[in-house]
>>> print(open('entry09.pdb').read())   # PDB, C-alpha atoms
ATOM      1  CA  MET A   1      32.177   7.057   8.274
ATOM      2  CA  THR A   2      29.892   9.690   6.883
ATOM      3  CA  ALA A   3      26.675  10.962   8.472
ATOM      4  CA  TYR A   4      24.705   8.880   5.963
ATOM      5  CA  ASP A   5      26.394   5.684   7.157
ATOM      6  CA  ILE A   6      25.836   6.514  10.822
ATOM      7  CA  ILE A   7      22.115   7.268  10.301
ATOM      8  CA  SER A   8      21.670   4.086   8.241
ATOM      9  CA  LEU A   9      23.380   2.048  10.964
ATOM     10  CA  ILE A  10      21.190   3.518  13.720
ATOM     11  CA  ILE A  11      18.027   2.916  11.690
ATOM     12  CA  GLY A  12      19.079  -0.643  10.913
ATOM     13  CA  VAL A  13      19.794  -1.534  14.528
ATOM     14  CA  LEU A  14      16.518   0.081  15.645
ATOM     15  CA  LEU A  15      14.649  -1.950  13.003
ATOM     16  CA  LEU A  16      16.085  -5.180  14.405
ATOM     17  CA  VAL A  17      15.343  -4.202  18.020
ATOM     18  CA  ILE A  18      11.744  -3.211  17.274
ATOM     19  CA  ALA A  19      11.176  -6.352  15.201
ATOM     20  CA  PHE A  20      12.381  -8.422  18.181
ATOM     21  CA  LEU A  21      10.078  -6.500  20.535
ATOM     22  CA  ALA A  22       7.126  -7.019  18.163
ATOM     23  CA  ILE A  23       7.653 -10.782  18.234
ATOM     24  CA  ASN A  24       8.358 -11.076  21.949
ATOM     25  CA  SER A  25       5.827  -8.735  23.601
ATOM     26  CA  LYS A  26       3.228 -10.460  25.747
ATOM     27  CA  LYS A  27       0.236  -8.295  24.792
ATOM     28  CA  LEU A  28      -1.024  -8.534  21.201
ATOM     29  CA  ILE A  29      -1.922  -4.844  21.025
ATOM     30  CA  ARG A  30       1.698  -3.930  21.858
ATOM     31  CA  SER A  31       2.880  -6.188  19.045
ATOM     32  CA  VAL A  32       0.658  -4.291  16.639
ATOM     33  CA  ILE A  33       2.006  -0.928  17.801
ATOM     34  CA  TYR A  34       5.602  -2.150  17.466
ATOM     35  CA  LEU A  35       4.765  -3.350  13.948
ATOM     36  CA  SER A  36       3.517   0.129  13.117
ATOM     37  CA  ALA A  37       6.730   1.659  14.470
ATOM     38  CA  LEU A  38       8.704  -0.837  12.395
ATOM     39  CA  SER A  39       6.922   0.329   9.237
ATOM     40  CA  MET A  40       7.622   3.941  10.152
ATOM     41  CA  LEU A  41      11.351   3.224  10.500
ATOM     42  CA  ALA A  42      11.264   1.220   7.257
ATOM     43  CA  VAL A  43       9.909   4.353   5.560
ATOM     44  CA  VAL A  44      12.970   6.280   6.777
ATOM     45  CA  SER A  45      15.303   3.591   5.499
ATOM     46  CA  PHE A  46      13.516   3.542   2.114
ATOM     47  CA  VAL A  47      14.007   7.295   1.828
ATOM     48  CA  LEU A  48      17.697   6.841   2.703
ATOM     49  CA  LEU A  49      17.952   4.202  -0.047
ATOM     50  CA  LYS A  50      16.454   6.762  -2.500
ATOM     51  CA  ALA A  51      13.180   4.882  -3.130
ATOM     52  CA  PRO A  52      10.482   7.505  -2.438
ATOM     53  CA  ASP A  53       7.768   5.562  -4.320
ATOM     54  CA  VAL A  54       8.161   2.545  -2.032
ATOM     55  CA  ALA A  55       8.383   4.869   0.989
ATOM     56  CA  ILE A  56       5.002   6.487   0.238
ATOM     57  CA  THR A  57       3.327   3.114  -0.230
ATOM     58  CA  GLU A  58       4.864   1.708   2.961
ATOM     59  CA  ALA A  59       3.837   4.784   4.953
ATOM     60  CA  VAL A  60       0.210   4.509   3.857
ATOM     61  CA  ILE A  61      -0.295   0.755   3.909
ATOM     62  CA  GLY A  62       2.232  -0.486   6.491
ATOM     63  CA  SER A  63       1.749   2.027   9.258
ATOM     64  CA  GLY A  64      -1.769   3.241   8.452
ATOM     65  CA  LEU A  65      -4.211   0.730   7.031
ATOM     66  CA  VAL A  66      -2.721  -2.548   8.271
ATOM     67  CA  THR A  67      -2.313  -1.251  11.838
ATOM     68  CA  ALA A  68      -5.901  -0.013  11.899
ATOM     69  CA  LEU A  69      -7.229  -3.329  10.576
ATOM     70  CA  PHE A  70      -5.215  -5.259  13.200
ATOM     71  CA  VAL A  71      -6.495  -3.018  16.001
ATOM     72  CA  PHE A  72     -10.105  -3.392  14.865
ATOM     73  CA  THR A  73      -9.746  -7.153  14.610
ATOM     74  CA  LEU A  74      -8.351  -7.278  18.163
ATOM     75  CA  LEU A  75     -11.234  -5.118  19.440
ATOM     76  CA  ALA A  76     -13.775  -7.372  17.711
ATOM     77  CA  ILE A  77     -12.207 -10.517  19.177
ATOM     78  CA  LYS A  78     -12.173  -8.998  22.675
ATOM     79  CA  ARG A  79     -15.841  -8.029  22.339
ATOM     80  CA  ARG A  80     -16.797 -11.533  21.285
ATOM     81  CA  GLU A  81     -14.888 -13.080  24.197
ATOM     82  CA  THR A  82     -16.631 -10.927  26.817
ATOM     83  CA  ARG A  83     -20.062 -11.837  25.506
TER      84      ARG A  83
ATOM     85  CA  MET B   1      15.905 -24.640  26.931
ATOM     86  CA  LYS B   2      13.498 -23.814  24.139
ATOM     87  CA  ASN B   3      14.742 -20.227  23.986
ATOM     88  CA  ILE B   4      18.395 -21.269  23.798
ATOM     89  CA  PHE B   5      17.589 -23.736  21.041
ATOM     90  CA  GLY B   6      15.730 -21.025  19.079
ATOM     91  CA  LEU B   7      18.615 -18.578  19.497
ATOM     92  CA  LEU B   8      21.066 -21.224  18.276
ATOM     93  CA  ILE B   9      18.981 -21.988  15.189
ATOM     94  CA  SER B  10      18.522 -18.316  14.268
ATOM     95  CA  LEU B  11      22.251 -17.596  14.739
ATOM     96  CA  LEU B  12      23.153 -20.594  12.565
ATOM     97  CA  LEU B  13      20.703 -19.481   9.874
ATOM     98  CA  GLY B  14      22.068 -15.924   9.990
ATOM     99  CA  VAL B  15      25.655 -17.175   9.534
ATOM    100  CA  PHE B  16      24.562 -19.348   6.617
ATOM    101  CA  ILE B  17      22.742 -16.465   4.895
ATOM    102  CA  ILE B  18      25.676 -14.084   5.344
ATOM    103  CA  LEU B  19      28.155 -16.677   4.042
ATOM    104  CA  ALA B  20      25.948 -17.530   1.048
ATOM    105  CA  LEU B  21      25.421 -13.910   0.038
ATOM    106  CA  ASP B  22      28.988 -12.834   0.781
ATOM    107  CA  SER B  23      30.645 -15.209  -1.644
ATOM    108  CA  SER B  24      28.066 -14.767  -4.388
ATOM    109  CA  VAL B  25      29.045 -12.698  -7.432
ATOM    110  CA  SER B  26      25.426 -11.716  -8.116
ATOM    111  CA  PHE B  27      25.378  -9.474  -5.037
ATOM    112  CA  PRO B  28      27.924  -6.697  -5.480
ATOM    113  CA  GLU B  29      28.741  -4.353  -2.620
ATOM    114  CA  PHE B  30      26.260  -1.612  -1.829
ATOM    115  CA  GLY B  31      26.700   1.294  -4.234
ATOM    116  CA  SER B  32      29.261  -0.398  -6.458
ATOM    117  CA  ALA B  33      26.868  -2.256  -8.774
ATOM    118  CA  VAL B  34      27.484  -1.691 -12.475
ATOM    119  CA  ILE B  35      24.096  -1.101 -14.051
ATOM    120  CA  SER B  36      25.377  -0.680 -17.591
ATOM    121  CA  ASP B  37      25.274  -4.448 -18.149
ATOM    122  CA  ARG B  38      21.754  -4.932 -16.731
ATOM    123  CA  VAL B  39      18.379  -4.946 -18.491
ATOM    124  CA  SER B  40      17.304  -1.927 -16.442
ATOM    125  CA  ASP B  41      19.853   0.221 -18.261
ATOM    126  CA  ASN B  42      17.639   0.124 -21.356
ATOM    127  CA  TYR B  43      14.803   1.661 -19.347
ATOM    128  CA  LEU B  44      16.992   4.239 -17.633
ATOM    129  CA  ASP B  45      18.400   5.400 -20.984
ATOM    130  CA  GLU B  46      17.760   9.104 -21.496
ATOM    131  CA  ASP B  47      16.640   8.709 -25.123
ATOM    132  CA  ASN B  48      13.712   6.543 -23.987
ATOM    133  CA  ILE B  49      12.235   9.373 -21.898
ATOM    134  CA  GLU B  50      10.946  10.968 -25.105
ATOM    135  CA  ASP B  51       9.185   7.710 -26.046
ATOM    136  CA  VAL B  52       7.481   7.098 -22.700
ATOM    137  CA  GLY B  53       7.000  10.719 -21.683
ATOM    138  CA  SER B  54       6.903  10.014 -17.945
ATOM    139  CA  ALA B  55       9.331  12.070 -15.850
ATOM    140  CA  ASN B  56       9.059   9.551 -12.983
ATOM    141  CA  ILE B  57      10.999   6.514 -14.185
ATOM    142  CA  VAL B  58       9.259   4.139 -11.754
ATOM    143  CA  THR B  59       5.881   5.038 -13.259
ATOM    144  CA  ALA B  60       7.370   4.696 -16.736
ATOM    145  CA  ILE B  61       8.319   1.095 -15.929
ATOM    146  CA  VAL B  62       5.215   0.153 -13.885
ATOM    147  CA  VAL B  63       2.586   1.526 -16.279
ATOM    148  CA  GLY B  64       4.496   2.135 -19.504
ATOM    149  CA  TYR B  65       6.742  -0.857 -20.101
ATOM    150  CA  ARG B  66       5.103  -3.312 -17.706
ATOM    151  CA  GLY B  67       1.432  -2.340 -17.950
ATOM    152  CA  PHE B  68       0.287  -5.932 -18.273
ATOM    153  CA  ASP B  69       1.954  -6.852 -14.953
ATOM    154  CA  THR B  70       0.125  -3.949 -13.338
ATOM    155  CA  LEU B  71      -3.160  -5.350 -14.653
ATOM    156  CA  GLY B  72      -2.254  -8.636 -12.951
ATOM    157  CA  GLU B  73      -1.403  -6.802  -9.727
ATOM    158  CA  VAL B  74      -4.779  -5.053  -9.724
ATOM    159  CA  THR B  75      -6.422  -8.443 -10.291
ATOM    160  CA  VAL B  76      -4.592  -9.902  -7.269
ATOM    161  CA  LEU B  77      -5.914  -7.066  -5.107
ATOM    162  CA  PHE B  78      -9.414  -7.659  -6.503
ATOM    163  CA  VAL B  79      -9.246 -11.358  -5.635
ATOM    164  CA  SER B  80      -8.107 -10.602  -2.077
ATOM    165  CA  ALA B  81     -10.942  -8.091  -1.617
ATOM    166  CA  LEU B  82     -13.322 -10.747  -2.951
ATOM    167  CA  GLY B  83     -11.984 -13.261  -0.424
ATOM    168  CA  VAL B  84     -12.486 -10.830   2.475
ATOM    169  CA  ALA B  85     -16.032 -10.129   1.279
ATOM    170  CA  LEU B  86     -16.761 -13.871   1.045
ATOM    171  CA  VAL B  87     -15.500 -14.578   4.569
ATOM    172  CA  LEU B  88     -16.743 -11.498   6.434
ATOM    173  CA  GLY B  89     -19.741 -10.298   4.433
ATOM    174  CA  SER B  90     -23.123 -11.904   4.018
ATOM    175  CA  SER B  91     -26.320 -11.427   2.056
ATOM    176  CA  LYS B  92     -28.218 -10.187   5.135
ATOM    177  CA  LYS B  93     -28.402  -6.528   6.076
ATOM    178  CA  GLN B  94     -25.105  -5.310   7.549
ATOM    179  CA  ALA B  95     -24.763  -2.855  10.442
ATOM    180  CA  ARG B  96     -21.810  -1.231  12.177
ATOM    181  CA  MET B  97     -20.047  -3.379  14.743
ATOM    182  CA  ASP B  98     -20.512  -2.038  18.293
ATOM    183  CA  LEU B  99     -16.967  -1.584  19.598
ATOM    184  CA  LYS B 100     -17.823  -0.058  23.000
ATOM    185  CA  PHE B 101     -16.223   3.317  22.446
ATOM    186  CA  LYS B 102     -18.111   6.503  21.745
ATOM    187  CA  PRO B 103     -16.326   9.254  19.782
ATOM    188  CA  ASN B 104     -16.987  12.750  21.126
ATOM    189  CA  PHE B 105     -18.117  15.881  19.285
ATOM    190  CA  MET B 106     -14.647  17.384  18.689
ATOM    191  CA  LEU B 107     -13.332  14.171  17.123
ATOM    192  CA  ARG B 108     -16.345  13.902  14.797
ATOM    193  CA  ILE B 109     -16.026  17.470  13.491
ATOM    194  CA  GLY B 110     -12.223  17.529  13.381
ATOM    195  CA  SER B 111     -12.080  14.335  11.370
ATOM    196  CA  LYS B 112     -14.404  15.848   8.754
ATOM    197  CA  VAL B 113     -11.913  18.694   8.268
ATOM    198  CA  LEU B 114      -9.034  16.222   7.999
ATOM    199  CA  PHE B 115     -11.024  14.060   5.560
ATOM    200  CA  GLY B 116     -10.975  16.819   2.944
ATOM    201  CA  ILE B 117      -7.247  17.440   3.329
ATOM    202  CA  ILE B 118      -6.384  13.745   3.051
ATOM    203  CA  LEU B 119      -8.620  13.381  -0.004
ATOM    204  CA  MET B 120      -6.903  16.376  -1.644
ATOM    205  CA  THR B 121      -3.486  14.801  -0.980
ATOM    206  CA  SER B 122      -4.571  11.523  -2.535
ATOM    207  CA  ILE B 123      -5.952  13.244  -5.637
ATOM    208  CA  TYR B 124      -2.689  15.184  -5.982
ATOM    209  CA  ILE B 125      -0.627  11.996  -5.670
ATOM    210  CA  ILE B 126      -2.757  10.165  -8.243
ATOM    211  CA  PHE B 127      -2.768  12.981 -10.812
ATOM    212  CA  HIS B 128       0.966  13.630 -10.492
ATOM    213  CA  GLY B 129       1.877   9.938 -10.644
ATOM    214  CA  HIS B 130       3.856  10.388 -13.842
ATOM    215  CA  LEU B 131       5.777  13.423 -12.530
ATOM    216  CA  THR B 132       6.492  12.866  -8.823
ATOM    217  CA  PRO B 133       6.860   9.777  -6.581
ATOM    218  CA  GLY B 134       3.591   8.028  -5.884
ATOM    219  CA  GLY B 135       0.821   7.071  -8.242
ATOM    220  CA  GLY B 136      -2.309   5.013  -8.420
ATOM    221  CA  PHE B 137      -1.606   2.432  -5.726
ATOM    222  CA  PRO B 138      -0.488   4.763  -2.890
ATOM    223  CA  GLY B 139      -3.098   7.353  -3.893
ATOM    224  CA  GLY B 140      -5.872   4.786  -3.771
ATOM    225  CA  ALA B 141      -4.649   3.574  -0.387
ATOM    226  CA  ILE B 142      -4.731   7.169   0.894
ATOM    227  CA  ILE B 143      -8.374   7.476  -0.283
ATOM    228  CA  ALA B 144      -9.125   4.303   1.671
ATOM    229  CA  SER B 145      -7.372   5.662   4.769
ATOM    230  CA  ALA B 146      -9.537   8.801   4.565
ATOM    231  CA  ILE B 147     -12.616   6.551   4.544
ATOM    232  CA  LEU B 148     -11.132   4.610   7.472
ATOM    233  CA  LEU B 149     -10.739   7.874   9.394
ATOM    234  CA  MET B 150     -14.449   8.566   8.930
ATOM    235  CA  TYR B 151     -15.266   5.060  10.188
ATOM    236  CA  LEU B 152     -13.030   5.632  13.224
ATOM    237  CA  ALA B 153     -14.411   9.011  14.155
ATOM    238  CA  ASP B 154     -18.122   8.275  13.792
ATOM    239  CA  ASP B 155     -19.626   5.064  15.135
ATOM    240  CA  LYS B 156     -22.730   5.379  12.943
ATOM    241  CA  PHE B 157     -20.945   6.207   9.661
ATOM    242  CA  ARG B 158     -21.194   3.844   6.718
ATOM    243  CA  SER B 159     -19.866   4.616   3.249
ATOM    244  CA  ASN B 160     -21.863   3.946   0.113
ATOM    245  CA  VAL B 161     -20.650   0.389  -0.392
ATOM    246  CA  LYS B 162     -22.772  -0.326  -3.453
ATOM    247  CA  GLY B 163     -21.431   2.781  -5.199
ATOM    248  CA  PHE B 164     -17.879   1.692  -4.421
ATOM    249  CA  LYS B 165     -18.525  -1.715  -5.975
ATOM    250  CA  ILE B 166     -19.894  -0.133  -9.163
ATOM    251  CA  LEU B 167     -16.943   2.311  -9.305
ATOM    252  CA  GLU B 168     -14.468  -0.534  -8.875
ATOM    253  CA  GLY B 169     -16.020  -2.606 -11.659
ATOM    254  CA  VAL B 170     -16.201   0.337 -14.059
ATOM    255  CA  ALA B 171     -12.584   1.399 -13.389
ATOM    256  CA  GLY B 172     -11.279  -2.144 -13.828
ATOM    257  CA  SER B 173     -13.198  -2.632 -17.071
ATOM    258  CA  LEU B 174     -12.021   0.719 -18.448
ATOM    259  CA  PHE B 175      -8.403  -0.321 -17.766
ATOM    260  CA  VAL B 176      -8.900  -3.413 -19.942
ATOM    261  CA  VAL B 177     -10.775  -1.355 -22.572
ATOM    262  CA  ILE B 178      -7.859   1.089 -22.826
ATOM    263  CA  GLY B 179      -5.515  -1.862 -23.233
ATOM    264  CA  LEU B 180      -7.684  -3.296 -26.018
ATOM    265  CA  LEU B 181      -7.826   0.142 -27.685
ATOM    266  CA  GLY B 182      -4.028   0.020 -27.785
ATOM    267  CA  LEU B 183      -4.351  -3.358 -29.502
ATOM    268  CA  VAL B 184      -6.788  -1.981 -32.083
ATOM    269  CA  VAL B 185      -5.366   1.507 -32.755
ATOM    270  CA  ALA B 186      -1.672   0.617 -32.428
ATOM    271  CA  SER B 187      -0.061  -2.804 -32.508
ATOM    272  CA  TYR B 188      -0.066  -4.409 -29.033
ATOM    273  CA  PHE B 189      -2.007  -4.610 -25.734
ATOM    274  CA  LEU B 190      -1.729  -1.480 -23.543
ATOM    275  CA  GLN B 191       0.402   0.372 -26.077
ATOM    276  CA  ASN B 192       0.670   4.123 -25.560
ATOM    277  CA  PHE B 193      -1.420   5.274 -28.514
ATOM    278  CA  LEU B 194      -1.939   8.907 -27.428
ATOM    279  CA  PRO B 195       0.633  11.640 -28.214
ATOM    280  CA  VAL B 196       3.259  11.892 -25.491
ATOM    281  CA  GLY B 197       3.574  15.685 -25.332
ATOM    282  CA  THR B 198       6.214  17.612 -23.403
ATOM    283  CA  VAL B 199       7.949  15.645 -20.659
ATOM    284  CA  GLY B 200       7.203  17.237 -17.288
ATOM    285  CA  ASN B 201       3.803  18.738 -18.129
ATOM    286  CA  LEU B 202       0.712  17.629 -16.248
ATOM    287  CA  LEU B 203      -1.010  16.588 -19.472
ATOM    288  CA  SER B 204       1.718  14.410 -20.947
ATOM    289  CA  ALA B 205       2.795  10.763 -21.180
ATOM    290  CA  GLY B 206      -0.240   9.634 -23.222
ATOM    291  CA  ILE B 207      -2.332   6.964 -21.504
ATOM    292  CA  ILE B 208      -0.204   6.711 -18.320
ATOM    293  CA  PRO B 209      -2.114   9.375 -16.285
ATOM    294  CA  ILE B 210      -5.464   7.958 -17.456
ATOM    295  CA  ILE B 211      -4.517   4.444 -16.370
ATOM    296  CA  TYR B 212      -3.180   5.723 -13.045
ATOM    297  CA  VAL B 213      -6.435   7.581 -12.305
ATOM    298  CA  LEU B 214      -8.368   4.373 -13.041
ATOM    299  CA  ILE B 215      -6.014   2.315 -10.841
ATOM    300  CA  GLY B 216      -6.362   4.880  -8.041
ATOM    301  CA  LEU B 217     -10.169   4.724  -8.160
ATOM    302  CA  LYS B 218     -10.116   0.918  -8.264
ATOM    303  CA  VAL B 219      -7.630   0.455  -5.416
ATOM    304  CA  GLY B 220      -9.350   3.103  -3.278
ATOM    305  CA  SER B 221     -12.789   1.575  -3.654
ATOM    306  CA  GLU B 222     -11.475  -1.966  -3.127
ATOM    307  CA  ILE B 223      -9.645  -1.162   0.124
ATOM    308  CA  SER B 224     -12.615   0.919   1.334
ATOM    309  CA  GLY B 225     -14.763  -2.165   0.744
ATOM    310  CA  ILE B 226     -12.343  -4.261   2.818
ATOM    311  CA  VAL B 227     -12.458  -1.660   5.636
ATOM    312  CA  ASP B 228     -16.264  -1.732   5.533
ATOM    313  CA  ASN B 229     -16.258  -5.526   5.672
ATOM    314  CA  PHE B 230     -14.009  -5.488   8.721
ATOM    315  CA  LEU B 231     -16.169  -3.005  10.637
ATOM    316  CA  THR B 232     -19.659  -4.379   9.970
ATOM    317  CA  GLU B 233     -21.597  -7.453  10.983
ATOM    318  CA  GLU B 234     -25.070  -8.885  10.515
ATOM    319  CA  GLU B 235     -27.731  -6.701  12.012
ATOM    320  CA  SER B 236     -29.893  -9.194  13.927
ATOM    321  CA  LEU B 237     -28.252 -10.336  17.131
TER     322      LEU B 237
END
>>> encode(input="entry09.pdb", output="structure tokens")
Amino acid sequence: MTAYDIISLIIGVLLLVIAFLAINSKKLIRSVIYLSALSMLAVVSFVLLKAPDVAITEAVIGSGLVTALFVFTLLAIKRRETR
Amino acid sequence: MKNIFGLLISLLLGVFIILALDSSVSFPEFGSAVISDRVSDNYLDEDNIEDVGSANIVTAIVVGYRGFDTLGEVTVLFVSALGVALVLGSSKKQARMDLKFKPNFMLRIGSKVLFGIILMTSIYIIFHGHLTPGGGFPGGAIIASAILLMYLADDKFRSNVKGFKILEGVAGSLFVVIGLLGLVVASYFLQNFLPVGTVGNLLSAGIIPIIYVLIGLKVGSEISGIVDNFLTEEESL
């Protein structure tokens, strides 16, 4: 087993664990944060698979824009519920 | 009971997927695929580099060989932005949504410094799309994330939405016009009719950098419009 295999294995297992946490967490905001972490790990795995183009796109859209939009939507919903 | 049932179903599905993919001949083991008998080998051929002129082979395929698909992709993004605008926007005057948090002075000033750096990165990624990884789509998304940062750091900030809409329309139309020019000057839609130049130079690869700049502007303005739609609401409450 080379270092590449070991790193890929660790990243893969972490991806599964974080995906499970994102589905199963009780608070929605935690789900969103886990989703962002999932995208970040996916970026690492894309780089390991030698796909830097996909990695850049995933880093910007997956962990940046989509997370921010989810957080803003949650804030807007919370504001409307308190009114 | 429900949890156990769900676990059972997901385990069963996992076993089925592994069995189906394991015995299939179309999925060779990781790293041992023979690409000499695939269609992609034609694109990866070293002689073709001189024809396309793009050092980044992904860009060569996305904009060079499959430019028409990219036009469709841009259209899909346009339709989704249109849908968001239809649901969340309205014809009345829009104002920033009050989210009950007030950014302080340091955040406001610091984000303005970061805004310039992020914008520079996006321009670099767009202009070097045919040389290094990246290109129009990620670059445009980085422009939009810079705009999002400004929205986050200042609760009164609003970008020039009307200007973005004009920019988006002009960039999209110019993409189609360049494609039609390829039809007129050369023989088919979106053909590379400009001289290719030296592979690896900034000014090379014919129409590929031009198209990528247009795509970057279009994607950036579209996603900025979506961000604005998410963070505004009708003024009178």
>>> resolve_selection(input="entry09.pdb", expression="the ChimeraX specification (/A :<6) & /B", output="PyMOL selection string")
chain B and resi 133-134+138
>>> residues_around(input="entry09.pdb", residues="range 10-19 of chain A", least_positions_apart="5", cutoff="7 Å", atoms="only C-alpha atoms", output="PyMOL selection string")
chain A and resi 34+38+41+45
>>> closest_residue(input="entry09.pdb", among="A:Thr2, A:Ser8, A:Ser63, A:Ser31", to="Val47 in chain A", atoms="all atoms listed in the file")
A:Ser8
>>> resolve_selection(input="entry09.pdb", expression="the PyMOL selection byres ((chain B and resi 44-53) around 8)", output="ChimeraX atom specification")
/B:40-43,54-55,57,60,64,192,196-200,204-206
>>> residues_around(input="entry09.pdb", residues="Val84 in chain B", least_positions_apart="2", cutoff="12 Å", atoms="only C-alpha atoms", output="list in words")
Leu77, Phe78, Val79, Ser80, Ala81, Leu82, Leu86, Val87, Leu88, Gly89, Ser90, Glu222, Ile223, Ser224, Gly225, Ile226, Val227, Asp228, Asn229, Phe230 and Leu231 of chain B
>>> write_last_selection(input="entry09.pdb", atoms="C-alpha atoms", output="mmCIF file, keeping the file's coordinate frame")
data_model
loop_
_atom_site.group_PDB
_atom_site.id
_atom_site.type_symbol
_atom_site.label_atom_id
_atom_site.label_comp_id
_atom_site.auth_asym_id
_atom_site.auth_seq_id
_atom_site.Cartn_x
_atom_site.Cartn_y
_atom_site.Cartn_z
ATOM 1 C CA LEU B 77 -5.914 -7.066 -5.107
ATOM 2 C CA PHE B 78 -9.414 -7.659 -6.503
ATOM 3 C CA VAL B 79 -9.246 -11.358 -5.635
ATOM 4 C CA SER B 80 -8.107 -10.602 -2.077
ATOM 5 C CA ALA B 81 -10.942 -8.091 -1.617
ATOM 6 C CA LEU B 82 -13.322 -10.747 -2.951
ATOM 7 C CA LEU B 86 -16.761 -13.871 1.045
ATOM 8 C CA VAL B 87 -15.500 -14.578 4.569
ATOM 9 C CA LEU B 88 -16.743 -11.498 6.434
ATOM 10 C CA GLY B 89 -19.741 -10.298 4.433
ATOM 11 C CA SER B 90 -23.123 -11.904 4.018
ATOM 12 C CA GLU B 222 -11.475 -1.966 -3.127
ATOM 13 C CA ILE B 223 -9.645 -1.162 0.124
ATOM 14 C CA SER B 224 -12.615 0.919 1.334
ATOM 15 C CA GLY B 225 -14.763 -2.165 0.744
ATOM 16 C CA ILE B 226 -12.343 -4.261 2.818
ATOM 17 C CA VAL B 227 -12.458 -1.660 5.636
ATOM 18 C CA ASP B 228 -16.264 -1.732 5.533
ATOM 19 C CA ASN B 229 -16.258 -5.526 5.672
ATOM 20 C CA PHE B 230 -14.009 -5.488 8.721
ATOM 21 C CA LEU B 231 -16.169 -3.005 10.637
#
>>> residues_around(input="entry09.pdb", residues="Gly72 in chain B", least_positions_apart="6", cutoff="12 Å", atoms="all atoms listed in the file", output="list in words")
Val62, Val63, Arg66, Phe78, Val79, Gly172, Phe175, Val176 and Ile215 of chain B
>>> resolve_selection(input="entry09.pdb", expression="the PyMOL selection byres ((chain B and resi 209) around 10)", output="number ranges by chain")
B: 54, 59, 63, 126-131, 135-136, 202-208, 210-215
>>> residues_near_point(input="entry09.pdb", point="(-15.3, -0.5, -5.3)", cutoff="9 Å", atoms="all atoms listed in the file", output="ChimeraX atom specification")
/B:161-171,217-225
>>> closest_residue(input="entry09.pdb", among="B:Leu8, B:Ser173, B:Ala20, B:Asn3", to="Asn24 in chain A", atoms="only C-alpha atoms")
B:Asn3
>>> closest_residue(input="entry09.pdb", among="A:Ala3, A:Leu9, A:Ile33, A:Ala22", to="Val71 in chain A", atoms="all atoms listed in the file")
A:Ile33
>>> atom_distance(input="entry09.pdb", atom1="CA of Lys112 in chain B", atom2="CA of Ile143 in chain B")
13.7 Å
>>> atom_distance(input="entry09.pdb", atom1="CA of Leu180 in chain B", atom2="CA of Phe193 in chain B")
10.9 Å
>>> atom_distance(input="entry09.pdb", atom1="CA of Gly14 in chain B", atom2="CA of Met1 in chain A")
25.2 Å
>>> closest_residue(input="entry09.pdb", among="A:Ile6, A:Thr67, A:Leu49, A:Val32", to="Phe30 in chain B", atoms="all atoms listed in the file")
A:Leu49
>>> closest_residue(input="entry09.pdb", among="A:Leu48, A:Leu35, A:Ile77, A:Val43", to="Phe20 in chain A", atoms="all atoms listed in the file")
A:Leu35
>>> build_atoms(input="entry09.pdb", residues="range 51-62 of chain A", atoms="N, CA and C atoms", output="mmCIF file, in the coordinates of the input")
data_model
loop_
_atom_site.group_PDB
_atom_site.id
_atom_site.type_symbol
_atom_site.label_atom_id
_atom_site.label_comp_id
_atom_site.auth_asym_id
_atom_site.auth_seq_id
_atom_site.Cartn_x
_atom_site.Cartn_y
_atom_site.Cartn_z
ATOM 1 N N ALA A 51 14.344 5.506 -2.501
ATOM 2 C CA ALA A 51 13.180 4.882 -3.130
ATOM 3 C C ALA A 51 11.910 5.550 -2.609
ATOM 4 N N PRO A 52 11.636 6.786 -3.021
ATOM 5 C CA PRO A 52 10.482 7.505 -2.438
ATOM 6 C C PRO A 52 9.137 6.872 -2.785
ATOM 7 N N ASP A 53 9.038 6.203 -3.957
ATOM 8 C CA ASP A 53 7.768 5.562 -4.320
ATOM 9 C C ASP A 53 7.397 4.476 -3.314
ATOM 10 N N VAL A 54 8.391 3.618 -3.003
ATOM 11 C CA VAL A 54 8.161 2.545 -2.032
ATOM 12 C C VAL A 54 7.869 3.143 -0.667
ATOM 13 N N ALA A 55 8.565 4.256 -0.326
ATOM 14 C CA ALA A 55 8.383 4.869 0.989
ATOM 15 C C ALA A 55 6.953 5.352 1.171
ATOM 16 N N ILE A 56 6.382 5.989 0.125
ATOM 17 C CA ILE A 56 5.002 6.487 0.238
ATOM 18 C C ILE A 56 4.043 5.319 0.451
ATOM 19 N N THR A 57 4.228 4.260 -0.353
ATOM 20 C CA THR A 57 3.327 3.114 -0.230
ATOM 21 C C THR A 57 3.428 2.476 1.147
ATOM 22 N N GLU A 58 4.664 2.320 1.639
ATOM 23 C CA GLU A 58 4.864 1.708 2.961
ATOM 24 C C GLU A 58 4.238 2.565 4.050
ATOM 25 N N ALA A 59 4.379 3.899 3.927
ATOM 26 C CA ALA A 59 3.837 4.784 4.953
ATOM 27 C C ALA A 59 2.327 4.661 5.021
ATOM 28 N N VAL A 60 1.670 4.564 3.853
ATOM 29 C CA VAL A 60 0.210 4.509 3.857
ATOM 30 C C VAL A 60 -0.277 3.143 4.303
ATOM 31 N N ILE A 61 0.249 2.087 3.675
ATOM 32 C CA ILE A 61 -0.295 0.755 3.909
ATOM 33 C C ILE A 61 0.263 0.158 5.195
ATOM 34 N N GLY A 62 1.609 0.180 5.349
ATOM 35 C CA GLY A 62 2.232 -0.486 6.491
ATOM 36 C C GLY A 62 1.839 0.111 7.820
#
